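Here's the structure we're looking at; comments come further down.
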Amino acid sequence: MIGLPGTDRRSAVLGGAAVLATAGIAALTGSSAAHRSVVATAPDIRSESVFSRARGQYVDLVLILPSERPAHGLPMVTMLHARGGSARGAAPNGMARYLSQAVATGRVPPFGLAAVDGGPYAYWHESDPGDDPMAMLLEELPVWLADHGLGDDSGHPFAAAGTSMGGFGALVYTRRRRERGRPLAATGVLAPALLTDWEEMREREAFRDRRAWAALDPLRHPETLDGTPLGVWCGTSDPFVAGTRRFVRRADPDVAVFSDGGHTGDFYTSAMPGLVAFLGRHTPIPAEPRT
């Protein structure tokens, strides 16, 4: 049980099954060295329930941490889930293990992922009065991370990433962090849900009207992201590819990859190594804890 003042938390470690599974693989190889190698790179995945005042409800906070990491101040990426999703499914399949292995082998500096429930259809803003997932990211997530000794000196993530609706949200979060004077070091998005037609967006019931959507839409405000390194990946058969191509032309991201694939988990997984490498290039070195 992990607690924060003024909140009631229920926590669980999800990584145990992964460790047991890797131990079984090592047993099949008959090699204790293989056992040590496989278990050493198993990610540490933790989930706990925290109360979000911004959302007015309990939400899941999922932490994906590499097996090799500093004792304090691990840089963190906030990973935003897709429409209809939740914190537990925010990271593409295989990303947790891939990240841990990449850190263990020195391909990227140590960093972790933090995911929270933003509401299945909210597009990461206050679509319903009193339920504001963006305020949760900006004001509450740093407190929760700092409680674990994660993030920068005040618990803030150094970067954001997201898939589909989460990609839309990651770009809005990037804008809000800049507006608050705490710009992100990088933002990476997979198949961001950037629609070009209001009638299509209206069907999602995420914005009260066209004006509210236009005020927030990253496609209409690429200048709000100036100065933040951006990475964009999208499948050429994705329904959001037209909006994503338009965004790439307007925002001129550091990395833009369009490859075969649709709006599917398989595409997200195929793009994930590029996303991890991109985030790794912008990962800060943790500061030494104060004594």
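Letters A, B, ... go to the chains of the structure tokens in the order shown; residues in each chain start at 1; ligands are counted from 1 in the same order.
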Show which residues sit within 8 Å of range 282-284 of chain A, as a ChimeraX atom specification. Count only C-alpha atoms, and ignore same-chain residues fewer than 6 positions away. /A:75,109-111,158,185-186
* To do: Run DSSP on the backbone and grab whatever in range 73-209 of chain A lands in strand (DSSP E or B); send it over as a PyMOL selection string.
  => chain A and resi 74+76-80+112-116+128+131+150+159-163+186-190
Can you write out the residues you just picked, keeping N, CA, C and O atoms, as a compact mmCIF listing (two decimals), in the first residue's frame?
```txt
# COMPACT_ATOMS: atom_id res chain seq x y z
N LEU A 74 14.30 9.44 -11.88
CA LEU A 74 14.22 8.85 -13.21
C LEU A 74 13.39 9.76 -14.12
O LEU A 74 12.24 10.07 -13.81
N MET A 76 10.79 10.92 -16.78
CA MET A 76 9.53 10.25 -17.12
C MET A 76 8.88 10.89 -18.34
O MET A 76 8.98 12.09 -18.58
N VAL A 77 8.18 10.03 -19.08
CA VAL A 77 7.36 10.44 -20.22
C VAL A 77 5.91 10.18 -19.85
O VAL A 77 5.57 9.08 -19.39
N THR A 78 5.03 11.17 -20.03
CA THR A 78 3.61 10.89 -19.83
C THR A 78 3.05 10.31 -21.12
O THR A 78 3.19 10.89 -22.20
N MET A 79 2.46 9.11 -21.01
CA MET A 79 1.97 8.36 -22.16
C MET A 79 0.45 8.40 -22.15
O MET A 79 -0.19 7.88 -21.22
N LEU A 80 -0.15 9.01 -23.17
CA LEU A 80 -1.59 9.24 -23.18
C LEU A 80 -2.30 8.20 -24.05
O LEU A 80 -1.89 7.94 -25.19
N GLY A 112 11.31 6.38 -17.89
CA GLY A 112 10.12 5.57 -17.65
C GLY A 112 8.90 6.21 -18.26
O GLY A 112 8.94 7.33 -18.79
N LEU A 113 7.78 5.49 -18.18
CA LEU A 113 6.51 5.95 -18.72
C LEU A 113 5.49 6.05 -17.59
O LEU A 113 5.45 5.20 -16.71
N ALA A 114 4.67 7.09 -17.64
CA ALA A 114 3.58 7.25 -16.68
C ALA A 114 2.29 7.45 -17.46
O ALA A 114 2.20 8.33 -18.32
N ALA A 115 1.29 6.62 -17.17
CA ALA A 115 0.00 6.72 -17.83
C ALA A 115 -1.10 6.87 -16.80
O ALA A 115 -1.04 6.28 -15.72
N VAL A 116 -2.11 7.67 -17.12
CA VAL A 116 -3.26 7.87 -16.25
C VAL A 116 -4.53 7.79 -17.09
O VAL A 116 -4.51 7.99 -18.30
N ASP A 128 -16.53 17.44 -20.34
CA ASP A 128 -17.65 17.46 -19.40
C ASP A 128 -17.27 18.37 -18.24
O ASP A 128 -16.18 18.22 -17.66
N ASP A 131 -14.78 17.63 -15.09
CA ASP A 131 -13.93 16.48 -15.40
C ASP A 131 -12.86 16.96 -16.37
O ASP A 131 -13.09 17.03 -17.59
N LEU A 150 10.17 10.22 -8.84
CA LEU A 150 10.29 10.14 -10.29
C LEU A 150 10.13 11.52 -10.91
O LEU A 150 9.55 12.43 -10.32
N ALA A 159 8.86 14.65 -21.17
CA ALA A 159 8.33 14.47 -22.53
C ALA A 159 6.93 13.90 -22.46
O ALA A 159 6.46 13.43 -21.41
N ALA A 160 6.26 13.92 -23.62
CA ALA A 160 4.92 13.35 -23.75
C ALA A 160 4.87 12.49 -24.99
O ALA A 160 5.59 12.72 -25.97
N ALA A 161 4.00 11.49 -24.94
CA ALA A 161 3.76 10.63 -26.10
C ALA A 161 2.32 10.18 -26.04
O ALA A 161 1.68 10.20 -24.99
N GLY A 162 1.78 9.76 -27.18
CA GLY A 162 0.41 9.30 -27.19
C GLY A 162 0.05 8.67 -28.52
O GLY A 162 0.69 8.92 -29.54
N THR A 163 -0.99 7.85 -28.50
CA THR A 163 -1.51 7.21 -29.69
C THR A 163 -2.92 7.71 -29.96
O THR A 163 -3.73 7.85 -29.05
N ALA A 186 10.62 16.97 -25.49
CA ALA A 186 10.25 16.25 -26.72
C ALA A 186 8.81 15.76 -26.61
O ALA A 186 8.30 15.53 -25.50
N THR A 187 8.18 15.59 -27.75
CA THR A 187 6.85 14.99 -27.84
C THR A 187 6.81 14.06 -29.04
O THR A 187 7.20 14.46 -30.15
N GLY A 188 6.34 12.84 -28.82
CA GLY A 188 6.22 11.87 -29.90
C GLY A 188 4.80 11.35 -29.99
O GLY A 188 4.21 11.00 -28.97
N VAL A 189 4.24 11.31 -31.21
CA VAL A 189 2.85 10.88 -31.36
C VAL A 189 2.75 9.82 -32.45
O VAL A 189 3.41 9.90 -33.49
N LEU A 190 1.89 8.83 -32.19
CA LEU A 190 1.62 7.76 -33.13
C LEU A 190 0.18 7.92 -33.63
O LEU A 190 -0.76 7.91 -32.84
```
A straight line from CA of Trp198 in chain A to CA of Leu225 in chain A spans 22.3 Å
Correct to one decimal, the distance CA of Gly94 in chain A-CA of Thr269 in chain A is 6.8 Å
Margin query: Give me the residues near Leu61 in chain A as a PyMOL selection string, where near means some atom within 10 Å (using only C-alpha atoms) and where sequence neighbours in that chain fewer than 4 positions away do not count.
Written below: chain A and resi 11+46-51+86-88+114-117+141+144-145
Which one of A:Glu199, A:Gly155, A:Glu140, A:Leu216 sits closest to Trp124 in chain A if you count only C-alpha atoms?
->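 Looking at the shortest contact to Trp124 in chain A, the residue is A:Leu216.
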Between A:Thr196, A:Thr174, A:Ser164, A:Thr244, smallest distance to Arg83 in chain A by only C-alpha atoms belongs to A:Ser164
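Between Thr228 in chain A and the candidates A:Tyr123, A:Tyr98, A:Tyr173, A:Trp213, the tightest atom-to-atom separation, counting only C-alpha atoms, involves A:Tyr173.
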Quick one: residues within 8 Å of range 263-267 of chain A, only C-alpha atoms counted, chain neighbours fewer than 5 positions away excluded, as a VMD selection string? chain A and resid 92 to 93 191 235 237 to 239
For the residues in that selection, give me N, CA, C and O atoms as a compact mmCIF listing (two decimals), in the first residue's frame.
```
# COMPACT_ATOMS: atom_id res chain seq x y z
N PRO A 92 1.97 1.04 -26.43
CA PRO A 92 1.82 -0.01 -27.45
C PRO A 92 2.34 -1.35 -26.95
O PRO A 92 3.23 -1.41 -26.10
N ASN A 93 1.77 -2.42 -27.47
CA ASN A 93 2.20 -3.76 -27.09
C ASN A 93 3.71 -3.91 -27.28
O ASN A 93 4.25 -3.56 -28.33
N ALA A 191 0.03 8.09 -34.94
CA ALA A 191 -1.29 8.21 -35.58
C ALA A 191 -2.19 9.18 -34.82
O ALA A 191 -3.28 8.82 -34.37
N GLY A 235 0.48 5.52 -40.22
CA GLY A 235 0.33 4.57 -41.31
C GLY A 235 -0.30 5.22 -42.53
O GLY A 235 -1.17 6.10 -42.40
N SER A 237 -2.37 3.98 -44.49
CA SER A 237 -3.78 3.58 -44.61
C SER A 237 -4.59 4.02 -43.40
O SER A 237 -5.73 3.58 -43.23
N ASP A 238 -4.02 4.85 -42.56
CA ASP A 238 -4.70 5.31 -41.35
C ASP A 238 -5.78 6.33 -41.71
O ASP A 238 -5.56 7.19 -42.57
N PRO A 239 -6.95 6.28 -41.07
CA PRO A 239 -7.99 7.28 -41.36
C PRO A 239 -7.58 8.70 -40.99
O PRO A 239 -8.19 9.66 -41.48
```
From A:Gly73, A:Gly166, A:Gly243, A:Gly151, residue lying nearest Leu194 in chain A [only C-alpha atoms]
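The answer is A:Gly243, which sits nearest to Leu194 in chain A.
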DSSP-assigned helix (DSSP H, G or I) members of range 109-276 of chain A, reported as a ChimeraX atom specification:
/A:133-147,165-179,198-202,210-216,218-220,222-225,241-251,265-276
Any chance you can output those residues with C-alpha atoms as a CSV table (one decimal), in the first residue's frame?
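That gives us result-v8.csv:
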```csv
chain,number,residue,atom,x,y,z
A,133,PRO,CA,-8.0,15.4,-17.6
A,134,MET,CA,-5.6,18.1,-18.9
A,135,ALA,CA,-5.6,19.8,-15.4
A,136,MET,CA,-4.9,16.4,-13.9
A,137,LEU,CA,-1.8,16.1,-16.2
A,138,LEU,CA,-0.6,19.6,-15.5
A,139,GLU,CA,-1.2,19.8,-11.7
A,140,GLU,CA,-1.7,16.4,-10.2
A,141,LEU,CA,0.6,14.0,-12.1
A,142,PRO,CA,3.8,15.8,-11.0
A,143,VAL,CA,2.7,15.4,-7.4
A,144,TRP,CA,2.1,11.7,-7.8
A,145,LEU,CA,5.4,11.2,-9.6
A,146,ALA,CA,7.4,13.3,-7.1
A,147,ASP,CA,5.9,11.0,-4.3
A,165,MET,CA,-6.7,10.5,-29.3
A,166,GLY,CA,-3.7,10.4,-27.0
A,167,GLY,CA,-1.6,11.9,-29.7
A,168,PHE,CA,-4.0,14.8,-29.9
A,169,GLY,CA,-3.8,15.1,-26.2
A,170,ALA,CA,0.0,15.0,-26.1
A,171,LEU,CA,0.2,17.9,-28.5
A,172,VAL,CA,-2.3,19.9,-26.4
A,173,TYR,CA,-0.3,19.0,-23.3
A,174,THR,CA,2.9,20.2,-25.1
A,175,ARG,CA,1.1,23.6,-25.8
A,176,ARG,CA,0.0,23.9,-22.2
A,177,ARG,CA,3.4,23.2,-20.8
A,178,ARG,CA,4.9,25.9,-23.0
A,179,GLU,CA,2.2,28.3,-21.9
A,198,TRP,CA,-16.0,19.3,-38.0
A,199,GLU,CA,-18.9,17.0,-38.8
A,200,GLU,CA,-16.7,14.0,-38.2
A,201,MET,CA,-15.4,15.4,-35.0
A,202,ARG,CA,-18.9,16.4,-33.8
A,210,ARG,CA,-16.9,24.0,-33.7
A,211,ARG,CA,-15.3,27.0,-32.0
A,212,ALA,CA,-14.2,25.0,-29.0
A,213,TRP,CA,-12.6,22.4,-31.2
A,214,ALA,CA,-10.9,25.0,-33.4
A,215,ALA,CA,-9.5,26.7,-30.3
A,216,LEU,CA,-7.7,23.5,-29.1
A,218,PRO,CA,-3.2,21.2,-32.8
A,219,LEU,CA,-3.7,21.2,-36.5
A,220,ARG,CA,-4.8,24.8,-36.4
A,222,PRO,CA,1.2,24.5,-34.9
A,223,GLU,CA,2.9,27.7,-33.8
A,224,THR,CA,2.1,26.8,-30.2
A,225,LEU,CA,4.5,23.9,-30.4
A,241,VAL,CA,-3.3,10.3,-42.3
A,242,ALA,CA,-4.7,13.3,-44.2
A,243,GLY,CA,-4.8,15.4,-41.0
A,244,THR,CA,-1.4,14.1,-39.9
A,245,ARG,CA,0.2,14.9,-43.3
A,246,ARG,CA,-1.2,18.4,-43.0
A,247,PHE,CA,0.1,18.8,-39.5
A,248,VAL,CA,3.6,17.6,-40.6
A,249,ARG,CA,3.6,20.3,-43.4
A,250,ARG,CA,2.6,23.0,-40.9
A,251,ALA,CA,4.6,22.0,-37.9
A,265,GLY,CA,-2.0,-2.0,-32.6
A,266,ASP,CA,0.3,-3.7,-35.0
A,267,PHE,CA,1.3,-0.4,-36.6
A,268,TYR,CA,1.8,1.2,-33.1
A,269,THR,CA,4.1,-1.7,-32.2
A,270,SER,CA,6.0,-1.4,-35.4
A,271,ALA,CA,6.6,2.4,-34.9
A,272,MET,CA,7.4,2.0,-31.2
A,273,PRO,CA,11.2,1.4,-31.6
A,274,GLY,CA,11.5,4.7,-33.4
A,275,LEU,CA,9.5,6.4,-30.7
A,276,VAL,CA,11.7,5.0,-28.0
```
Work out how far apart CA of Gly56 in chain A and CA of Gly89 in chain A are and give it in Å to one decimal.
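Between CA of Gly56 in chain A and CA of Gly89 in chain A the gap is 21.6 Å.
Nearest residue to Cys234 in chain A, choosing from A:Pro192, A:Pro157, A:Gly149, A:Pro253 and counting only C-alpha atoms: A:Pro192.
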